[in-house]
>>> print(open('final-v2.pdb').read())   # PDB, C-alpha atoms
ATOM      1  CA  MET H   1      18.127  -1.211 -17.522  1.00  0.00           C
ATOM      2  CA  TYR H   2      18.505  -4.896 -18.315  1.00  0.00           C
ATOM      3  CA  TRP H   3      16.882  -5.993 -15.057  1.00  0.00           C
ATOM      4  CA  ARG H   4      13.907  -3.676 -15.526  1.00  0.00           C
ATOM      5  CA  GLY H   5      13.240  -5.397 -18.860  1.00  0.00           C
ATOM      6  CA  VAL H   6      13.529  -8.829 -17.269  1.00  0.00           C
ATOM      7  CA  ILE H   7      11.162  -7.890 -14.454  1.00  0.00           C
ATOM      8  CA  LYS H   8       8.676  -6.321 -16.869  1.00  0.00           C
ATOM      9  CA  ARG H   9       8.744  -9.474 -19.040  1.00  0.00           C
ATOM     10  CA  ASP H  10       8.217 -11.678 -15.967  1.00  0.00           C
ATOM     11  CA  MET H  11       5.307  -9.500 -14.857  1.00  0.00           C
ATOM     12  CA  GLU H  12       3.716  -9.883 -18.280  1.00  0.00           C
ATOM     13  CA  GLN H  13       4.181 -13.657 -18.139  1.00  0.00           C
ATOM     14  CA  LEU H  14       2.528 -13.721 -14.718  1.00  0.00           C
ATOM     15  CA  GLN H  15      -0.254 -11.561 -16.179  1.00  0.00           C
ATOM     16  CA  PHE H  16       0.362  -8.589 -13.901  1.00  0.00           C
ATOM     17  CA  SER H  17      -0.901  -5.407 -15.430  1.00  0.00           C
ATOM     18  CA  GLU H  18       0.071  -1.805 -14.826  1.00  0.00           C
ATOM     19  CA  ASP H  19      -3.301  -1.372 -13.091  1.00  0.00           C
ATOM     20  CA  MET H  20      -2.203  -3.699 -10.304  1.00  0.00           C
ATOM     21  CA  THR H  21       0.104  -1.163  -8.695  1.00  0.00           C
ATOM     22  CA  LEU H  22       0.129  -0.657  -4.951  1.00  0.00           C
ATOM     23  CA  ASP H  23      -1.461   2.782  -5.115  1.00  0.00           C
ATOM     24  CA  LYS H  24      -4.418   1.405  -7.100  1.00  0.00           C
ATOM     25  CA  LYS H  25      -4.754  -1.477  -4.654  1.00  0.00           C
ATOM     26  CA  PHE H  26      -4.689   1.037  -1.818  1.00  0.00           C
ATOM     27  CA  ASP H  27      -7.453   3.037  -3.505  1.00  0.00           C
ATOM     28  CA  THR H  28      -9.676  -0.047  -3.490  1.00  0.00           C
ATOM     29  CA  LEU H  29      -8.704  -0.794   0.114  1.00  0.00           C
ATOM     30  CA  LYS H  30      -9.624   2.639   1.509  1.00  0.00           C
ATOM     31  CA  GLY H  31     -13.367   2.024   1.700  1.00  0.00           C
ATOM     32  CA  THR H  32     -12.873  -1.234   3.563  1.00  0.00           C
ATOM     33  CA  LEU H  33     -10.448   0.430   5.969  1.00  0.00           C
ATOM     34  CA  ARG H  34     -12.954   3.183   6.673  1.00  0.00           C
ATOM     35  CA  HIS H  35     -15.656   0.577   7.307  1.00  0.00           C
ATOM     36  CA  PHE H  36     -13.629  -1.606   9.690  1.00  0.00           C
ATOM     37  CA  SER H  37     -12.161   1.374  11.531  1.00  0.00           C
ATOM     38  CA  LEU H  38     -15.691   2.209  12.700  1.00  0.00           C
ATOM     39  CA  ILE H  39     -16.302  -1.220  14.224  1.00  0.00           C
ATOM     40  CA  PRO H  40     -15.424  -1.553  17.914  1.00  0.00           C
ATOM     41  CA  PRO H  41     -12.571  -3.930  18.871  1.00  0.00           C
ATOM     42  CA  GLY H  42     -14.965  -6.549  20.232  1.00  0.00           C
ATOM     43  CA  GLY H  43     -16.703  -6.754  16.881  1.00  0.00           C
ATOM     44  CA  GLY H  44     -20.294  -5.948  16.272  1.00  0.00           C
ATOM     45  CA  GLY H  45     -23.574  -7.222  15.027  1.00  0.00           C
ATOM     46  CA  ILE H  46     -25.470  -6.601  11.843  1.00  0.00           C
ATOM     47  CA  LEU H  47     -26.558  -3.131  12.967  1.00  0.00           C
ATOM     48  CA  THR H  48     -22.971  -2.099  13.746  1.00  0.00           C
ATOM     49  CA  HIS H  49     -21.744  -3.248  10.331  1.00  0.00           C
ATOM     50  CA  SER H  50     -24.676  -1.589   8.579  1.00  0.00           C
ATOM     51  CA  LEU H  51     -24.050   1.728  10.321  1.00  0.00           C
ATOM     52  CA  ALA H  52     -20.317   1.443   9.620  1.00  0.00           C
ATOM     53  CA  SER H  53     -21.026   0.888   5.924  1.00  0.00           C
ATOM     54  CA  VAL H  54     -23.299   3.905   5.665  1.00  0.00           C
ATOM     55  CA  THR H  55     -20.989   6.111   7.724  1.00  0.00           C
ATOM     56  CA  SER H  56     -17.874   5.137   5.755  1.00  0.00           C
ATOM     57  CA  TRP H  57     -19.699   5.831   2.511  1.00  0.00           C
ATOM     58  CA  LEU H  58     -20.823   9.275   3.713  1.00  0.00           C
ATOM     59  CA  LYS H  59     -17.461  10.176   5.254  1.00  0.00           C
ATOM     60  CA  VAL H  60     -16.031  13.471   4.008  1.00  0.00           C
ATOM     61  CA  LYS H  61     -12.358  13.415   3.093  1.00  0.00           C
ATOM     62  CA  GLU H  62     -10.160  15.387   5.484  1.00  0.00           C
ATOM     63  CA  ALA H  63      -7.054  17.193   4.279  1.00  0.00           C
ATOM     64  CA  ASP H  64      -5.284  16.913   7.649  1.00  0.00           C
ATOM     65  CA  LEU H  65      -2.200  14.682   7.849  1.00  0.00           C
ATOM     66  CA  SER H  66      -1.557  15.093  11.565  1.00  0.00           C
ATOM     67  CA  GLY H  67      -4.771  13.732  13.085  1.00  0.00           C
ATOM     68  CA  ASP H  68      -5.418  10.325  14.594  1.00  0.00           C
ATOM     69  CA  GLY H  69      -8.491   9.464  12.519  1.00  0.00           C
ATOM     70  CA  ILE H  70      -8.696   7.041   9.635  1.00  0.00           C
ATOM     71  CA  GLU H  71      -8.855   9.849   7.063  1.00  0.00           C
ATOM     72  CA  SER H  72      -5.622  11.394   8.344  1.00  0.00           C
ATOM     73  CA  LEU H  73      -4.006   7.965   8.261  1.00  0.00           C
ATOM     74  CA  ILE H  74      -5.168   7.380   4.683  1.00  0.00           C
ATOM     75  CA  ASN H  75      -3.867  10.838   3.692  1.00  0.00           C
ATOM     76  CA  ARG H  76      -0.442  10.112   5.230  1.00  0.00           C
ATOM     77  CA  VAL H  77      -0.202   6.767   3.424  1.00  0.00           C
ATOM     78  CA  GLU H  78      -1.227   8.366   0.116  1.00  0.00           C
ATOM     79  CA  SER H  79       1.392  11.077   0.647  1.00  0.00           C
ATOM     80  CA  PHE H  80       4.125   8.470   1.154  1.00  0.00           C
ATOM     81  CA  LEU H  81       2.934   6.563  -1.914  1.00  0.00           C
ATOM     82  CA  ALA H  82       3.064   9.732  -4.014  1.00  0.00           C
ATOM     83  CA  GLN H  83       6.665  10.252  -2.857  1.00  0.00           C
ATOM     84  CA  GLY H  84       7.561   6.636  -3.666  1.00  0.00           C
ATOM     85  CA  LYS H  85       8.238   5.819  -0.003  1.00  0.00           C
ATOM     86  CA  LEU H  86       6.680   2.360   0.126  1.00  0.00           C
ATOM     87  CA  SER H  87       8.306   1.228   3.343  1.00  0.00           C
ATOM     88  CA  GLU H  88       7.150   4.347   5.192  1.00  0.00           C
ATOM     89  CA  ALA H  89       3.638   3.933   3.788  1.00  0.00           C
ATOM     90  CA  ALA H  90       3.514   0.326   5.006  1.00  0.00           C
ATOM     91  CA  ASP H  91       4.852   1.251   8.468  1.00  0.00           C
ATOM     92  CA  THR H  92       2.419   4.150   8.806  1.00  0.00           C
ATOM     93  CA  LEU H  93      -0.580   2.035   7.845  1.00  0.00           C
ATOM     94  CA  GLU H  94       0.426  -0.849  10.095  1.00  0.00           C
ATOM     95  CA  LYS H  95       1.038   1.385  13.121  1.00  0.00           C
ATOM     96  CA  GLY H  96      -2.095   3.431  12.513  1.00  0.00           C
ATOM     97  CA  LEU H  97      -4.324   0.360  12.359  1.00  0.00           C
ATOM     98  CA  LYS H  98      -2.656  -1.543  15.190  1.00  0.00           C
ATOM     99  CA  GLU H  99      -5.176  -3.345  17.415  1.00  0.00           C
ATOM    100  CA  THR H 100      -8.135  -2.447  15.201  1.00  0.00           C
ATOM    101  CA  ASN H 101     -10.395  -4.628  13.090  1.00  0.00           C
ATOM    102  CA  ALA H 102      -8.991  -2.923   9.999  1.00  0.00           C
ATOM    103  CA  ALA H 103      -5.461  -4.222  10.695  1.00  0.00           C
ATOM    104  CA  ALA H 104      -6.211  -7.690   9.318  1.00  0.00           C
ATOM    105  CA  VAL H 105      -7.726  -6.175   6.177  1.00  0.00           C
ATOM    106  CA  ALA H 106      -4.581  -4.158   5.439  1.00  0.00           C
ATOM    107  CA  ASP H 107      -2.098  -6.916   6.304  1.00  0.00           C
ATOM    108  CA  ASP H 108      -1.763  -8.222   2.733  1.00  0.00           C
ATOM    109  CA  TRP H 109      -1.235  -4.724   1.311  1.00  0.00           C
ATOM    110  CA  VAL H 110       1.404  -3.954   3.974  1.00  0.00           C
ATOM    111  CA  LYS H 111       3.305  -7.152   3.107  1.00  0.00           C
ATOM    112  CA  ARG H 112       3.156  -6.382  -0.622  1.00  0.00           C
ATOM    113  CA  ALA H 113       4.374  -2.820  -0.067  1.00  0.00           C
ATOM    114  CA  ARG H 114       7.323  -4.006   2.011  1.00  0.00           C
ATOM    115  CA  ASN H 115       8.204  -6.709  -0.512  1.00  0.00           C
ATOM    116  CA  ARG H 116       8.047  -4.179  -3.320  1.00  0.00           C
ATOM    117  CA  ALA H 117      10.310  -1.777  -1.395  1.00  0.00           C
ATOM    118  CA  ILE H 118      12.836  -4.571  -0.830  1.00  0.00           C
ATOM    119  CA  THR H 119      12.678  -5.554  -4.504  1.00  0.00           C
ATOM    120  CA  GLU H 120      13.244  -1.965  -5.627  1.00  0.00           C
ATOM    121  CA  GLN H 121      16.220  -1.631  -3.274  1.00  0.00           C
ATOM    122  CA  ALA H 122      17.716  -4.866  -4.608  1.00  0.00           C
ATOM    123  CA  LEU H 123      17.171  -3.696  -8.178  1.00  0.00           C
ATOM    124  CA  THR H 124      18.910  -0.401  -7.453  1.00  0.00           C
ATOM    125  CA  LEU H 125      21.814  -2.272  -5.886  1.00  0.00           C
ATOM    126  CA  LEU H 126      22.102  -4.598  -8.905  1.00  0.00           C
ATOM    127  CA  GLN H 127      22.044  -1.644 -11.293  1.00  0.00           C
ATOM    128  CA  SER H 128      24.778   0.106  -9.317  1.00  0.00           C
ATOM    129  CA  TYR H 129      26.858  -3.050  -9.298  1.00  0.00           C
ATOM    130  CA  ALA H 130      26.382  -3.557 -13.046  1.00  0.00           C
ATOM    131  CA  THR H 131      27.364   0.065 -13.694  1.00  0.00           C
ATOM    132  CA  THR H 132      30.468  -0.300 -11.539  1.00  0.00           C
ATOM    133  CA  ILE H 133      31.523  -3.461 -13.364  1.00  0.00           C
ATOM    134  CA  SER H 134      30.979  -1.928 -16.782  1.00  0.00           C
ATOM    135  CA  ILE H 135      33.101   1.095 -15.901  1.00  0.00           C
ATOM    136  CA  THR H 136      36.058  -0.918 -14.593  1.00  0.00           C
TER     137      THR H 136
END
>>> encode(input="final-v2.pdb", output="structure tokens")
Amino acid sequence: MYWRGVIKRDMEQLQFSEDMTLDKKFDTLKGTLRHFSLIPPGGGGILTHSLASVTSWLKVKEADLSGDGIESLINRVESFLAQGKLSEAADTLEKGLKETNAAAVADDWVKRARNRAITEQALTLLQSYATTISIT
């Protein structure tokens, strides 16, 4: 519990708010991912980007988790986030966007998710260690 307080205090000092969580960042990233997933690997001109913008805005959300499309990928990542599986969410997004124009857009989020997963694992380890010491 001590470390959670320290981390929370440090986050406040760095002016991180509760709204800056990974799931909220992912929500803002989804539209951009949809847009860039529609652009061919070689890039595209103004018309391609315009059509991608309109199409991504009109896209209907799919409920399928098993497909290969961007909506299925987004649904899988959201499912992992809801379960608190940050590492799996990052891996799924990275693999699903591999060799697409959207991969570069998601790179920062993937790094943050992995760093957060590592931090949470370290925090759990420290709490277990502190509990063990206090018992003995």
>>> atom_distance(input="final-v2.pdb", atom1="CA of Leu22 in chain H", atom2="CA of Arg76 in chain H")
14.8 Å
>>> atom_distance(input="final-v2.pdb", atom1="CA of Ile133 in chain H", atom2="CA of Ile118 in chain H")
22.5 Å
>>> closest_residue(input="final-v2.pdb", among="H:Leu93, H:Ala130, H:Leu33, H:Ile135", to="Lys111 in chain H", atoms="all atoms listed in the file")
H:Leu93
>>> atom_distance(input="final-v2.pdb", atom1="CA of Lys85 in chain H", atom2="CA of Thr132 in chain H")
25.8 Å
>>> residues_around(input="final-v2.pdb", residues="Leu81 in chain H", least_positions_apart="4", cutoff="10 Å", atoms="only C-alpha atoms", output="PyMOL selection string")
chain H and resi 22-23+26+75-77+85-90+113
>>> resolve_selection(input="final-v2.pdb", expression="the PyMOL selection byres ((chain H and resi 100) around 8)", output="compact mmCIF listing (two decimals) with C-alpha atoms, in the frame of the given file")
# COMPACT_ATOMS: atom_id res chain seq x y z
CA PHE H 36 -13.63 -1.61 9.69
CA SER H 37 -12.16 1.37 11.53
CA PRO H 40 -15.42 -1.55 17.91
CA PRO H 41 -12.57 -3.93 18.87
CA LEU H 97 -4.32 0.36 12.36
CA LYS H 98 -2.66 -1.54 15.19
CA GLU H 99 -5.18 -3.34 17.42
CA ASN H 101 -10.40 -4.63 13.09
CA ALA H 102 -8.99 -2.92 10.00
CA ALA H 103 -5.46 -4.22 10.70
>>> closest_residue(input="final-v2.pdb", among="H:Tyr129, H:Gly96, H:Glu78, H:Gly84", to="Arg116 in chain H", atoms="all atoms listed in the file")
H:Gly84
>>> decode(input="final-v2.pdb", residues="range 114-132 of chain H", atoms="C-alpha atoms", output="short mmCIF file (atom, residue, chain, number, x, y, z; two decimals), in the first residue's frame")
data_model
loop_
_atom_site.label_atom_id
_atom_site.label_comp_id
_atom_site.auth_asym_id
_atom_site.auth_seq_id
_atom_site.Cartn_x
_atom_site.Cartn_y
_atom_site.Cartn_z
CA ARG H 114 4.39 -2.56 -21.92
CA ASN H 115 6.08 -0.15 -19.52
CA ARG H 116 2.94 0.02 -17.42
CA ALA H 117 2.70 -3.79 -17.32
CA ILE H 118 6.33 -4.01 -16.18
CA THR H 119 5.74 -1.33 -13.54
CA GLU H 120 2.67 -3.13 -12.20
CA GLN H 121 4.60 -6.41 -12.02
CA ALA H 122 7.43 -4.72 -10.14
CA LEU H 123 4.95 -3.11 -7.76
CA THR H 124 3.31 -6.46 -7.07
CA LEU H 125 6.72 -7.99 -6.41
CA LEU H 126 7.66 -5.17 -4.01
CA GLN H 127 4.37 -5.53 -2.15
CA SER H 128 4.90 -9.28 -1.80
CA TYR H 129 8.42 -8.72 -0.56
CA ALA H 130 7.27 -6.08 1.95
CA THR H 131 4.53 -8.42 3.20
CA THR H 132 7.01 -11.26 3.59
#
